[in-house]
$ cat structure12.cif   # mmCIF, C-alpha atoms (C1' of nucleotides)
data_start
loop_
_atom_site.label_atom_id
_atom_site.label_comp_id
_atom_site.auth_asym_id
_atom_site.auth_seq_id
_atom_site.Cartn_x
_atom_site.Cartn_y
_atom_site.Cartn_z
CA MET A 22 43.15 154.31 -69.07
CA LYS A 23 40.50 151.85 -67.99
CA LYS A 24 36.93 152.94 -68.34
CA VAL A 25 34.64 153.23 -65.35
CA ILE A 26 31.01 153.90 -66.02
CA VAL A 27 29.09 156.10 -63.63
CA ILE A 28 25.31 156.07 -63.57
CA LEU A 29 23.94 158.93 -61.53
CA GLY A 30 20.81 160.95 -61.23
CA GLN A 31 17.98 161.92 -58.98
CA THR A 32 16.20 159.39 -56.88
CA ALA A 33 13.55 157.28 -58.62
CA THR A 34 14.90 157.74 -62.11
CA GLY A 35 15.74 154.07 -62.55
CA LYS A 36 19.49 154.11 -62.03
CA SER A 37 19.72 150.69 -60.44
CA ASN A 38 17.84 148.94 -63.20
CA LEU A 39 19.78 150.63 -65.94
CA ALA A 40 23.04 149.77 -64.22
CA VAL A 41 22.07 146.11 -64.12
CA LYS A 42 21.06 146.16 -67.78
CA ILE A 43 24.31 147.74 -68.81
CA ALA A 44 26.26 145.37 -66.60
CA LYS A 45 24.61 142.45 -68.38
CA LYS A 46 25.45 143.84 -71.79
CA ILE A 47 29.03 144.79 -71.25
CA SER A 48 29.99 142.33 -68.57
CA GLY A 49 30.19 144.78 -65.74
CA GLU A 50 29.89 144.77 -61.98
CA ILE A 51 28.22 147.40 -59.90
CA ILE A 52 29.47 149.63 -57.11
CA SER A 53 26.74 151.44 -55.24
CA ALA A 54 27.37 155.07 -54.36
CA ASP A 55 24.67 155.68 -51.83
CA SER A 56 25.33 156.97 -48.36
CA ARG A 57 22.61 154.93 -46.75
CA GLN A 58 22.59 151.75 -48.71
CA VAL A 59 25.97 151.01 -47.21
CA TYR A 60 24.20 150.17 -43.96
CA LYS A 61 22.83 146.80 -43.07
CA GLY A 62 19.16 146.96 -42.26
CA LEU A 63 18.36 150.12 -44.18
CA ASP A 64 16.71 148.42 -47.10
CA ILE A 65 13.24 149.69 -47.79
CA GLY A 66 13.73 153.27 -46.74
CA SER A 67 16.99 153.65 -48.58
CA GLY A 68 15.57 152.13 -51.73
CA LYS A 69 18.15 149.38 -51.84
CA ILE A 70 18.00 147.11 -54.85
CA SER A 71 16.63 143.65 -54.13
CA LYS A 72 18.60 140.45 -54.68
CA LYS A 73 16.16 139.53 -57.41
CA ASP A 74 16.61 142.80 -59.29
CA MET A 75 20.36 142.39 -59.21
CA LYS A 76 19.89 139.53 -61.66
CA GLY A 77 23.08 137.91 -60.62
CA ILE A 78 25.25 140.97 -61.11
CA PRO A 79 27.60 141.46 -58.15
CA HIS A 80 26.97 144.65 -56.19
CA TYR A 81 29.67 146.23 -54.07
CA LEU A 82 29.34 148.66 -51.19
CA LEU A 83 25.92 147.52 -50.09
CA ASP A 84 25.46 146.38 -46.48
CA VAL A 85 29.04 147.03 -45.59
CA ALA A 86 28.41 149.02 -42.41
CA ASN A 87 26.65 148.66 -39.11
CA PRO A 88 24.02 151.39 -38.81
CA LYS A 89 25.09 151.97 -35.22
CA ASN A 90 28.39 153.38 -36.40
CA LYS A 91 28.90 156.28 -38.70
CA PHE A 92 30.12 155.45 -42.12
CA THR A 93 32.07 158.22 -43.75
CA VAL A 94 32.94 159.42 -47.22
CA THR A 95 36.53 158.49 -46.65
CA GLU A 96 35.64 154.94 -45.84
CA PHE A 97 33.48 154.89 -48.87
CA GLN A 98 36.25 156.29 -50.99
CA GLN A 99 38.72 153.67 -49.85
CA LYS A 100 36.32 150.79 -50.28
CA ALA A 101 35.19 152.02 -53.68
CA ILE A 102 38.70 152.44 -54.99
CA TYR A 103 39.45 148.96 -53.82
CA ALA A 104 36.30 147.62 -55.46
CA ILE A 105 37.12 149.25 -58.77
CA ALA A 106 40.55 147.65 -58.78
CA GLU A 107 39.04 144.32 -57.84
CA ILE A 108 36.50 144.40 -60.64
CA ILE A 109 39.07 145.35 -63.22
CA LYS A 110 41.34 142.61 -61.98
CA ASN A 111 38.50 140.19 -62.66
CA GLY A 112 38.35 141.42 -66.21
CA LYS A 113 35.05 143.21 -65.76
CA THR A 114 33.97 146.82 -66.17
CA PRO A 115 33.15 148.74 -63.00
CA ILE A 116 29.83 150.53 -63.02
CA ILE A 117 29.33 153.03 -60.25
CA CYS A 118 25.68 153.67 -59.60
CA GLY A 119 24.21 156.05 -57.10
CA GLY A 120 22.77 159.38 -56.19
CA THR A 121 25.00 160.66 -53.43
CA GLY A 122 26.90 163.43 -55.15
CA PHE A 123 29.48 163.79 -52.44
CA TYR A 124 30.35 160.11 -52.61
CA LEU A 125 30.44 160.17 -56.38
CA ASP A 126 32.84 163.09 -56.40
CA ALA A 127 35.00 161.41 -53.79
CA ILE A 128 35.74 158.71 -56.34
CA THR A 129 35.56 160.43 -59.68
CA LYS A 130 37.32 163.62 -58.67
CA GLY A 131 39.72 161.97 -56.29
CA VAL A 132 39.05 164.49 -53.55
CA VAL A 133 41.71 164.14 -50.90
CA PHE A 134 40.21 164.34 -47.45
CA PRO A 135 42.33 165.32 -44.47
CA GLU A 136 43.34 162.22 -42.59
CA VAL A 137 41.77 163.19 -39.33
CA PRO A 138 39.36 160.67 -37.89
CA PRO A 139 36.30 161.96 -36.04
CA ASN A 140 37.13 162.95 -32.49
CA ILE A 141 34.01 162.11 -30.56
CA LYS A 142 35.16 163.71 -27.33
CA LEU A 143 36.00 166.99 -29.00
CA ARG A 144 32.79 166.99 -30.96
CA LYS A 145 30.76 166.56 -27.82
CA ILE A 146 32.37 169.61 -26.31
CA LEU A 147 32.05 171.71 -29.42
CA GLU A 148 28.43 170.78 -29.99
CA LYS A 149 27.50 172.71 -26.89
CA LYS A 150 28.96 175.92 -28.25
CA SER A 151 27.21 178.42 -30.48
CA GLU A 152 28.19 179.07 -34.07
CA ILE A 153 29.67 182.39 -33.04
CA GLU A 154 31.90 180.77 -30.45
CA LEU A 155 32.90 178.10 -32.93
CA ILE A 156 33.88 180.54 -35.64
CA LYS A 157 35.98 182.40 -33.09
CA ILE A 158 37.84 179.22 -32.23
CA LEU A 159 38.35 178.41 -35.88
CA LYS A 160 39.63 181.90 -36.63
CA LYS A 161 42.34 181.45 -34.07
CA LEU A 162 43.34 178.11 -35.50
CA ASP A 163 43.00 178.72 -39.21
CA LEU A 164 42.03 182.09 -40.56
CA ARG A 165 41.97 180.94 -44.16
CA ARG A 166 39.41 178.23 -43.53
CA ALA A 167 37.43 180.51 -41.24
CA LYS A 168 37.06 182.92 -44.11
CA ASN A 169 35.58 180.52 -46.59
CA ILE A 170 33.55 178.32 -44.28
CA ASP A 171 29.79 178.50 -43.93
CA VAL A 172 29.71 180.33 -40.60
CA LYS A 173 26.26 179.14 -39.66
CA ASN A 174 26.83 175.49 -40.30
CA LYS A 175 27.79 173.91 -37.01
CA VAL A 176 28.53 170.52 -38.48
CA ARG A 177 31.12 172.02 -40.80
CA LEU A 178 32.55 174.33 -38.16
CA ILE A 179 33.08 171.45 -35.80
CA ARG A 180 34.76 169.33 -38.41
CA ALA A 181 37.02 172.20 -39.45
CA ILE A 182 38.09 172.76 -35.85
CA GLU A 183 38.64 169.06 -35.44
CA ILE A 184 40.98 169.02 -38.44
CA ALA A 185 42.72 172.23 -37.47
CA LYS A 186 43.39 170.94 -33.96
CA ALA A 187 44.91 167.78 -35.33
CA LEU A 188 46.92 169.17 -38.21
CA GLY A 189 47.50 172.76 -37.19
CA LYS A 190 45.29 173.98 -39.97
CA VAL A 191 42.78 172.72 -42.48
CA PRO A 192 44.59 171.72 -45.65
CA GLU A 193 43.39 173.19 -48.91
CA VAL A 194 41.20 170.97 -51.00
CA THR A 195 43.23 168.89 -53.36
CA GLU A 196 42.20 166.43 -55.98
CA MET A 197 44.22 163.52 -57.22
CA LYS A 198 44.56 162.92 -60.93
CA PRO A 199 42.14 160.15 -61.80
CA ILE A 200 43.67 156.91 -62.93
CA TYR A 201 40.50 155.80 -64.67
CA LYS A 202 38.38 157.32 -67.34
CA PHE A 203 35.05 158.01 -65.70
CA ILE A 204 32.12 158.16 -68.04
CA LYS A 205 29.28 159.89 -66.30
CA ILE A 206 25.75 159.22 -67.43
CA GLY A 207 23.07 161.25 -65.73
CA LEU A 208 19.49 160.07 -65.82
CA TYR A 209 16.88 162.79 -65.78
CA LEU A 210 13.11 162.85 -65.85
CA PRO A 211 10.73 165.73 -66.46
CA GLU A 212 9.35 167.03 -63.19
CA ASN A 213 5.87 165.59 -63.51
CA LEU A 214 7.19 162.13 -64.32
CA LEU A 215 9.71 162.28 -61.53
CA LYS A 216 6.93 163.13 -59.13
CA LYS A 217 4.86 160.21 -60.33
CA ASN A 218 7.75 157.83 -59.95
CA ILE A 219 8.47 159.10 -56.48
CA GLU A 220 4.87 158.67 -55.45
CA LYS A 221 4.88 155.15 -56.80
CA ARG A 222 8.09 154.34 -55.03
CA VAL A 223 6.97 155.74 -51.69
CA LYS A 224 3.71 153.85 -51.87
CA LYS A 225 5.69 150.70 -52.41
CA MET A 226 7.93 151.49 -49.48
CA PHE A 227 4.99 151.54 -47.14
CA LYS A 228 3.54 148.43 -48.71
CA ASP A 229 6.85 146.66 -48.32
CA GLY A 230 6.95 147.47 -44.63
CA LEU A 231 8.92 150.65 -44.08
CA LEU A 232 7.38 151.03 -40.64
CA ASN A 233 8.47 147.54 -39.66
CA GLU A 234 11.96 148.25 -40.83
CA ILE A 235 12.09 151.28 -38.58
CA LYS A 236 10.75 149.28 -35.66
CA LYS A 237 13.42 146.69 -36.20
CA LEU A 238 16.13 149.33 -36.28
CA LYS A 239 14.92 150.87 -33.04
CA LYS A 240 14.49 147.61 -31.20
CA PRO A 241 17.24 146.94 -28.65
CA ALA A 242 19.91 144.51 -29.70
CA ARG A 243 19.04 142.08 -26.92
CA LEU A 244 15.61 141.72 -28.50
CA GLY A 245 17.07 141.00 -31.88
CA GLY A 246 16.91 144.53 -33.26
CA ALA A 247 19.64 146.90 -34.27
CA GLY A 248 19.33 149.13 -31.23
CA ILE A 249 19.47 152.40 -33.09
CA SER A 250 18.83 155.52 -31.05
CA LYS A 251 16.35 158.12 -32.09
CA LYS A 252 19.08 160.66 -32.62
CA ARG A 253 21.04 158.31 -34.81
CA LEU A 254 17.93 157.43 -36.76
CA GLN A 255 17.54 161.09 -37.58
CA GLU A 256 20.74 161.02 -39.54
CA PHE A 257 19.29 158.47 -41.91
CA GLY A 258 16.91 161.00 -43.37
CA PHE A 259 13.25 161.61 -43.53
CA GLU A 260 12.01 158.14 -44.38
CA TYR A 261 13.25 157.10 -40.99
CA ASN A 262 11.81 160.04 -39.09
CA GLU A 263 8.57 161.22 -40.52
CA PRO A 264 7.15 158.15 -42.03
CA THR A 265 3.83 159.35 -43.33
CA TYR A 266 3.15 158.99 -47.00
CA GLU A 267 2.68 162.69 -47.75
CA LYS A 268 5.72 163.73 -45.76
CA VAL A 269 7.98 161.21 -47.39
CA VAL A 270 6.84 162.20 -50.88
CA ILE A 271 7.47 165.89 -50.24
CA GLU A 272 10.82 165.25 -48.61
CA THR A 273 11.88 162.98 -51.44
CA LEU A 274 11.04 165.66 -53.98
CA LYS A 275 13.06 168.16 -52.02
CA TYR A 276 15.92 165.74 -51.83
CA ALA A 277 15.75 165.17 -55.56
CA LYS A 278 16.13 168.89 -56.08
CA ARG A 279 19.11 169.06 -53.79
CA GLN A 280 20.66 166.25 -55.75
CA MET A 281 20.18 168.21 -58.92
CA THR A 282 21.85 171.34 -57.59
CA TRP A 283 24.84 169.18 -56.88
CA PHE A 284 24.89 167.46 -60.25
CA LYS A 285 24.36 170.69 -62.18
CA ARG A 286 27.85 171.80 -61.34
CA ASP A 287 29.45 168.81 -62.97
CA LYS A 288 29.82 169.58 -66.64
CA GLU A 289 31.21 166.13 -67.42
CA ILE A 290 27.84 164.48 -66.99
CA LYS A 291 26.12 163.36 -70.15
CA TRP A 292 22.43 163.56 -69.54
CA VAL A 293 20.08 160.89 -70.84
CA ASP A 294 16.30 160.83 -70.77
CA ALA A 295 15.51 158.33 -68.04
CA SER A 296 12.27 157.18 -69.58
CA LEU A 297 14.49 155.33 -72.04
CA ALA A 298 15.72 153.28 -69.14
CA GLU A 299 12.33 152.42 -67.67
CA PRO A 300 12.00 148.72 -66.85
CA ARG A 301 9.29 148.26 -69.45
CA GLN A 302 11.35 149.72 -72.24
CA THR A 303 13.08 147.54 -74.77
CA SER A 304 16.73 146.74 -74.57
CA LYS A 305 17.22 148.81 -77.70
CA ASN A 306 17.18 151.86 -75.52
CA THR A 307 19.84 150.43 -73.32
CA ASP A 308 21.86 149.75 -76.43
CA ALA A 309 21.42 153.35 -77.45
CA ILE A 310 22.67 154.50 -74.07
CA ILE A 311 25.61 152.11 -74.21
CA LYS A 312 26.53 153.49 -77.59
CA LYS A 313 26.86 156.88 -76.05
CA LEU A 314 29.40 155.63 -73.56
"C1'" G B 25 -34.14 182.46 -35.65
"C1'" C B 26 -31.21 184.02 -31.17
"C1'" G B 27 -26.32 183.80 -28.80
"C1'" U B 28 -21.00 183.04 -28.66
"C1'" C B 29 -16.44 182.60 -31.02
"C1'" G B 30 -13.95 183.11 -35.47
"C1'" G B 31 -12.71 184.64 -40.98
"C1'" U B 32 -5.04 187.20 -41.83
"C1'" G B 33 -0.41 186.15 -47.41
"C1'" G B 34 0.19 179.08 -51.20
"C1'" U B 35 -1.08 176.48 -46.14
"C1'" A B 36 -1.04 176.48 -40.74
"C1'" G B 37 -1.03 180.21 -37.33
"C1'" A B 38 0.76 185.06 -34.46
"C1'" G B 39 -0.55 190.06 -34.28
"C1'" U B 40 -5.91 193.11 -31.34
"C1'" G B 41 -4.94 201.39 -32.87
"C1'" G B 42 1.03 203.76 -35.16
"C1'" U B 43 7.63 200.77 -34.91
"C1'" C B 44 2.92 195.84 -40.01
"C1'" A B 45 3.87 193.96 -46.42
"C1'" A B 46 2.39 191.84 -41.34
"C1'" U B 47 6.46 187.23 -35.81
"C1'" U B 48 6.92 182.13 -36.80
"C1'" A B 49 6.50 177.33 -39.06
"C1'" C B 50 5.57 174.61 -43.42
"C1'" A B 51 5.39 174.52 -48.64
"C1'" A B 52 7.64 176.90 -53.06
"C1'" C B 53 12.07 178.84 -55.70
"C1'" A B 54 17.39 179.47 -55.89
"C1'" G B 55 22.05 178.07 -53.81
"C1'" A B 56 26.31 176.05 -50.69
"C1'" C B 57 28.85 171.61 -49.70
"C1'" U B 58 37.04 169.69 -47.06
"C1'" G B 59 35.50 162.32 -42.94
"C1'" U B 60 27.16 162.98 -40.39
"C1'" A B 61 25.88 164.34 -47.17
"C1'" A B 62 18.43 161.59 -48.19
"C1'" A B 63 22.74 164.83 -43.40
"C1'" U B 64 23.91 169.95 -42.47
"C1'" C B 65 23.51 174.99 -43.86
"C1'" U B 66 22.27 179.84 -46.70
"C1'" G B 67 19.28 183.32 -49.58
"C1'" U B 68 14.47 184.78 -51.78
"C1'" C B 69 9.45 184.33 -50.86
"C1'" G B 70 2.32 190.41 -52.41
"C1'" C B 71 3.19 193.52 -57.03
"C1'" C B 72 6.42 197.27 -59.30
"C1'" U B 73 11.26 199.54 -58.75
"C1'" U B 74 16.40 203.80 -61.58
"C1'" C B 75 16.82 199.77 -54.76
"C1'" G B 76 15.59 205.83 -52.49
"C1'" G B 77 10.99 204.08 -52.58
"C1'" G B 78 6.05 203.45 -54.81
"C1'" C B 79 1.40 200.62 -55.07
"C1'" U B 80 -2.33 196.98 -53.51
"C1'" A B 81 -3.43 194.04 -49.25
"C1'" C B 82 -5.53 190.87 -43.07
"C1'" G B 83 -13.95 187.98 -45.65
"C1'" A B 84 -17.14 192.52 -48.18
"C1'" A B 85 -18.96 197.44 -47.90
"C1'" G B 86 -19.18 201.68 -45.11
"C1'" G B 87 -17.73 204.55 -40.65
"C1'" U B 88 -14.64 206.50 -36.28
"C1'" U B 89 -9.49 208.33 -36.14
"C1'" C B 90 -3.96 212.47 -37.76
"C1'" G B 91 -3.38 206.98 -38.34
"C1'" A B 92 -7.01 200.56 -38.57
"C1'" A B 93 -5.42 193.73 -39.82
"C1'" U B 94 -6.55 195.79 -35.00
"C1'" C B 95 -12.38 200.03 -32.77
"C1'" C B 96 -17.88 200.69 -34.58
"C1'" U B 97 -22.13 199.39 -38.10
"C1'" U B 98 -24.29 196.33 -41.73
"C1'" C B 99 -23.74 192.23 -44.82
"C1'" C B 100 -21.54 187.40 -46.37
"C1'" C B 101 -19.18 182.76 -44.74
"C1'" G B 102 -17.64 178.90 -40.87
"C1'" A B 103 -17.65 176.42 -35.96
"C1'" C B 104 -20.10 175.69 -31.55
"C1'" G B 105 -24.29 176.54 -28.04
"C1'" C B 106 -29.64 177.55 -27.38
"C1'" A B 107 -34.11 177.14 -29.81
#

$ encode --input "structure12.cif" --output "structure tokens"
Amino acid sequence: MKKVIVILGQTATGKSNLAVKIAKKISGEIISADSRQVYKGLDIGSGKISKKDMKGIPHYLLDVANPKNKFTVTEFQQKAIYAIAEIIKNGKTPIICGGTGFYLDAITKGVVFPEVPPNIKLRKILEKKSEIELIKILKKLDLRRAKNIDVKNKVRLIRAIEIAKALGKVPEVTEMKPIYKFIKIGLYLPENLLKKNIEKRVKKMFKDGLLNEIKKLKKPARLGGAGISKKRLQEFGFEYNEPTYEKVVIETLKYAKRQMTWFKRDKEIKWVDASLAEPRQTSKNTDAIIKKL
RNA sequence: GCGUCGGUGGUAGAGUGGUCAAUUACAACAGACUGUAAAUCUGUCGCCUUCGGGCUACGAAGGUUCGAAUCCUUCCCGACGCA
């Protein structure tokens, strides 16, 4: 089985840089697994790697979507699978790098998602209903799913109903046997260091023009912007909604914790001290990490 | 110095005699995750507990009352107004 390297970890642990270093050493190419970096125009706020930092290593799954439209895990899954095959065909090693646990699992665990595209009309109708009404509807359609769903989570309820209406019921979660050997490296930092890195990173975001980026996204298309609505912008996370330094730092820390609760469940991850992968560190450390692969 | 308003849990800020360990929000901690996933959602959040309850708490000290975060007195602190 072909090897696929996965570099994951909390935000601001230096995943992108490490991925590039490893790619250089072992002749790899990188697939980003980040739910926001897929969008064109979300650069600063999403912490997208710069052309310069890529150091000539090809990066897949960046800037592949228009922020006006929703990009979904399934799309990501398809594109990523395709990218892996492509890289291997070119005789290189795929390196998946990112912090979106859901996306990562979609590839490495081969989660099979029900083939039901979003039904905007239905969603609009359902959005107006309360959670209690929604769970009632779901119960009628699919009792099994209604029993294990988070009854207070409207987003999930709506999706479940959407699937049940299309397929009769929500299929049980299935996972396809992986056809690659995924080697998962998790980068971690002690809390105080993580906080420092996050603060540094957020400061840089503002310096680099986060506010301008947001302005550009909001600006109507006829004026050369992306024409993103306020509501849509909300879905891109806190950097795009509450852009004050303090707020963004706090939200990023919270996000980092949420990431960790996701990663904790995955016992296949080999954890590595991220300070070994700091940009300033020698390549010996990278070698040490590669050895562990 | 006089007057007015105010001092509530990690923070903001409700409560103005009992139903108050104290609405709510934020932060904190833990967790979930079937096509929005940096999204969305849940639980805990004074201390102790054999989970029945017990104890300490709304600036401090006294007092009134069966009962006070809530009323009274004095003191301390803050804001504003007048000197």

$ resolve_selection --input "structure12.cif" --expression "the PyMOL selection byres ((chain A) within 6 of (chain B))" --output "number ranges by chain"
A: 93-95, 174, 194, 256, 258

$ resolve_selection --input "structure12.cif" --expression "the PyMOL selection byres ((chain A and resi 295) around 12)" --output "CSV table (one decimal) with C-alpha atoms, keeping the file's coordinate frame"
chain,number,residue,atom,x,y,z
A,28,ILE,CA,25.3,156.1,-63.6
A,29,LEU,CA,23.9,158.9,-61.5
A,30,GLY,CA,20.8,161.0,-61.2
A,31,GLN,CA,18.0,161.9,-59.0
A,32,THR,CA,16.2,159.4,-56.9
A,33,ALA,CA,13.6,157.3,-58.6
A,34,THR,CA,14.9,157.7,-62.1
A,35,GLY,CA,15.7,154.1,-62.6
A,36,LYS,CA,19.5,154.1,-62.0
A,37,SER,CA,19.7,150.7,-60.4
A,38,ASN,CA,17.8,148.9,-63.2
A,39,LEU,CA,19.8,150.6,-65.9
A,206,ILE,CA,25.8,159.2,-67.4
A,207,GLY,CA,23.1,161.2,-65.7
A,208,LEU,CA,19.5,160.1,-65.8
A,209,TYR,CA,16.9,162.8,-65.8
A,210,LEU,CA,13.1,162.8,-65.8
A,211,PRO,CA,10.7,165.7,-66.5
A,212,GLU,CA,9.4,167.0,-63.2
A,214,LEU,CA,7.2,162.1,-64.3
A,215,LEU,CA,9.7,162.3,-61.5
A,218,ASN,CA,7.8,157.8,-60.0
A,291,LYS,CA,26.1,163.4,-70.2
A,292,TRP,CA,22.4,163.6,-69.5
A,293,VAL,CA,20.1,160.9,-70.8
A,294,ASP,CA,16.3,160.8,-70.8
A,296,SER,CA,12.3,157.2,-69.6
A,297,LEU,CA,14.5,155.3,-72.0
A,298,ALA,CA,15.7,153.3,-69.1
A,299,GLU,CA,12.3,152.4,-67.7
A,300,PRO,CA,12.0,148.7,-66.8
A,301,ARG,CA,9.3,148.3,-69.4
A,302,GLN,CA,11.4,149.7,-72.2
A,306,ASN,CA,17.2,151.9,-75.5
A,307,THR,CA,19.8,150.4,-73.3
A,310,ILE,CA,22.7,154.5,-74.1

$ resolve_selection --input "structure12.cif" --expression "the PyMOL selection byres ((chain B and resi 28) around 10)" --output "count of residues only"
5

$ closest_residue --input "structure12.cif" --among "A:Ala185, A:Met75, A:Ile271, A:Ala86" --to "A:Tyr60" --atoms "only C-alpha atoms"
A:Ala86

$ closest_residue --input "structure12.cif" --among "A:Lys69, A:Lys150, A:Lys252, A:Lys202" --to "A:Leu178" --atoms "only C-alpha atoms"
A:Lys150

$ atom_distance --input "structure12.cif" --atom1 "atom C1' of B:U89" --atom2 "atom C1' of B:U32"
22.3 Å

$ atom_distance --input "structure12.cif" --atom1 "atom C1' of B:G70" --atom2 "atom C1' of B:A92"
19.5 Å

$ atom_distance --input "structure12.cif" --atom1 "atom C1' of B:C90" --atom2 "atom C1' of B:U43"
16.7 Å

$ closest_residue --input "structure12.cif" --among "A:Ile116, A:Ala187, A:Leu125, A:Val132" --to "A:Ala54" --atoms "all atoms listed in the file"
A:Leu125

$ closest_residue --input "structure12.cif" --among "B:C101, B:C71, B:C79, B:A36" --to "B:U48" --atoms "all atoms listed in the file"
B:A36

$ axis_aligned_box --input "structure12.cif" --around "stretch 54-67 of chain A" --padding-each-side "4 Å" --output "JSON"
{"center_x": 20.3, "center_y": 151.9, "center_z": -48.3, "size_x": 22.1, "size_y": 18.2, "size_z": 20.1}

$ closest_atom_pairs --input "structure12.cif" --of "stretch 112-167 of chain A" --to "stretch 46-53 of chain A" --cutoff "7 Å" --atoms "all atoms listed in the file" --output "JSON lines"
{"residue": "A:Lys113", "atom": "CA", "partner": "A:Gly49", "partner_atom": "CA", "distance": 5.1}
{"residue": "A:Thr114", "atom": "CA", "partner": "A:Gly49", "partner_atom": "CA", "distance": 4.3}
{"residue": "A:Pro115", "atom": "CA", "partner": "A:Glu50", "partner_atom": "CA", "distance": 5.2}
{"residue": "A:Ile116", "atom": "CA", "partner": "A:Ile51", "partner_atom": "CA", "distance": 4.7}
{"residue": "A:Ile117", "atom": "CA", "partner": "A:Ile52", "partner_atom": "CA", "distance": 4.6}
{"residue": "A:Cys118", "atom": "CA", "partner": "A:Ser53", "partner_atom": "CA", "distance": 5.0}
{"residue": "A:Gly119", "atom": "CA", "partner": "A:Ser53", "partner_atom": "CA", "distance": 5.6}

$ residues_near_point --input "structure12.cif" --point "(5.0, 160.8, -50.6)" --cutoff "9 Å" --atoms "only C-alpha atoms (C1' of nucleotides)" --output "list in words"
Ile219, Glu220, Lys221, Arg222, Val223, Lys224, Thr265, Tyr266, Glu267, Lys268, Val269, Val270, Ile271, Glu272, Thr273 and Leu274 of chain A

$ residues_around --input "structure12.cif" --residues "B:G31" --least-positions-apart "5" --cutoff "10 Å" --atoms "all atoms listed in the file" --output "list in words"
C82, G83, C101 and G102 of chain B

$ decode --input "structure12.cif" --residues "stretch 162-173 of chain A" --atoms "C-alpha atoms" --output "JSON list (two decimals), in the first residue's frame"
[["chain", "number", "residue", "atom", "x", "y", "z"],
["A", 162, "LEU", "CA", -39.00, 9.75, 8.79],
["A", 163, "ASP", "CA", -36.25, 7.88, 10.57],
["A", 164, "LEU", "CA", -36.58, 6.84, 14.17],
["A", 165, "ARG", "CA", -33.11, 5.37, 14.36],
["A", 166, "ARG", "CA", -31.40, 8.59, 13.37],
["A", 167, "ALA", "CA", -33.76, 10.61, 15.53],
["A", 168, "LYS", "CA", -32.59, 8.61, 18.51],
["A", 169, "ASN", "CA", -28.90, 9.26, 18.12],
["A", 170, "ILE", "CA", -28.97, 12.78, 16.75],
["A", 171, "ASP", "CA", -28.14, 15.87, 18.77],
["A", 172, "VAL", "CA", -31.70, 17.08, 19.28],
["A", 173, "LYS", "CA", -30.73, 20.68, 19.87]]
